[in-house]
Amino acid sequence: MCNYPRGHVEDTEDDYDIDDLADDMGDMNHEREMMLTDSEDGEYRQSNDKILDTSAVEATKGKDIQGIPWERFAITREKYRQTRIEQYKNYENIPTSGEAAAKHLDREGISFCCRTTFDDNAITNAVDIFDTSSGAVHFMVSSNDSSVRDYDMETFQLYKHFQFDWPVNHTSVSPDGKLVVVVGDNLDALLIDANSGKTLHSMRGHHDYSFTSAWSPDGRTFATGNQDKTCRIWDARNLSEAVHVLKGNLGAIRSTRFTSDGRFLSMAEAADFVHIFDVQSDYNKRQELDFFGEISGMSFSPDTDVLYVGVWDRTYASLLQFSRLYNN
């Protein structure tokens, strides 16, 4: 049973480990499940077998957005945040997978599935759907076998295959479909020609491997996120150095997204933090979203009014929705 008297919090906080809270949450869920199982009221079990969503009104009044009952744990949220920053491991192990699949949202089943490679180190790291310069819809697959593969979305046929000297973690195609940013297990990021695969420029500045990239709708600016806990902003007209270096708090920058109007950039760390930057302020204004859990991904809605953040966690796995506020 996970029930800590609040009077003993100070005695236990100093020895608390980041895994302890996850264990406590698991114990609490187990206790809750046992209570539901023992209940003779089937209707009660059915209506209470999941954590209820936290509304914007409840969050404004102080309720934890993930529904974490901090009053039941032997550590405060503030202390656990400090512990996470100090103890978080800035890496993860990923199981081998060399497959790619596609699905039409208006049709049942999987439309296309294949192994992109039979290499032993065949991890599919990222997929980018884009419009080519001719107007066709393609998707680009980044793989740990040091390859980038370009598929036609209509026929699902392999269109181009570019080989590199290191595992590729992510690619982003420019809005006009002519350029591609390539990042991976190399200190430098590459800007290549989308048709020939020829390297046009190497971007130097990061101190570790990169995991994400994103183009601004303006077609000139792009971002790269790295395990050195920074996101660097580049101007394609002058790539001698990054024009901005945006710093995270906890770990690698795993995801970057511009809004469709180019007004905001969001960057997600591997866990706990998403940062939103006002591009028009030259990245000087920013908002920080602070929660707990490994981040599986994030995306802005097409109208830029909503930011969705996926959190995978054994107890509090969730989809967080943040709505944009306008100052009228």
# chains A, B, ... in the order shown; residues from 1 in each chain; ligands from 1
>>> residues_around(residues="Gly262 of chain A", least_positions_apart="4", cutoff="7 Å", atoms="only C-alpha atoms", output="PyMOL selection string")
chain A and resi 216-218+258
>>> residues_around(residues="Met267 of chain A", least_positions_apart="4", cutoff="6 Å", atoms="only C-alpha atoms", output="PyMOL selection string")
chain A and resi 255-256+274-275
>>> write_last_selection(atoms="N, CA and C atoms", output="short mmCIF file (atom, residue, chain, number, x, y, z; two decimals), in the first residue's frame")
data_model
loop_
_atom_site.label_atom_id
_atom_site.label_comp_id
_atom_site.auth_asym_id
_atom_site.auth_seq_id
_atom_site.Cartn_x
_atom_site.Cartn_y
_atom_site.Cartn_z
N SER A 255 12.60 15.79 -30.22
CA SER A 255 11.57 16.16 -31.20
C SER A 255 11.52 17.67 -31.35
N THR A 256 11.37 18.14 -32.58
CA THR A 256 11.24 19.57 -32.87
C THR A 256 10.11 19.77 -33.87
N VAL A 274 8.80 20.12 -22.40
CA VAL A 274 8.61 20.62 -23.76
C VAL A 274 8.75 22.14 -23.68
N HIS A 275 9.52 22.72 -24.58
CA HIS A 275 9.76 24.16 -24.60
C HIS A 275 9.16 24.74 -25.88
#
>>> atom_distance(atom1="atom CA of Phe291 of chain A", atom2="atom CA of Glu86 of chain A")
15.8 Å
>>> closest_residue(among="A:His244, A:Lys61, A:His170, A:Arg324", to="Thr259 of chain A", atoms="only C-alpha atoms")
A:Arg324
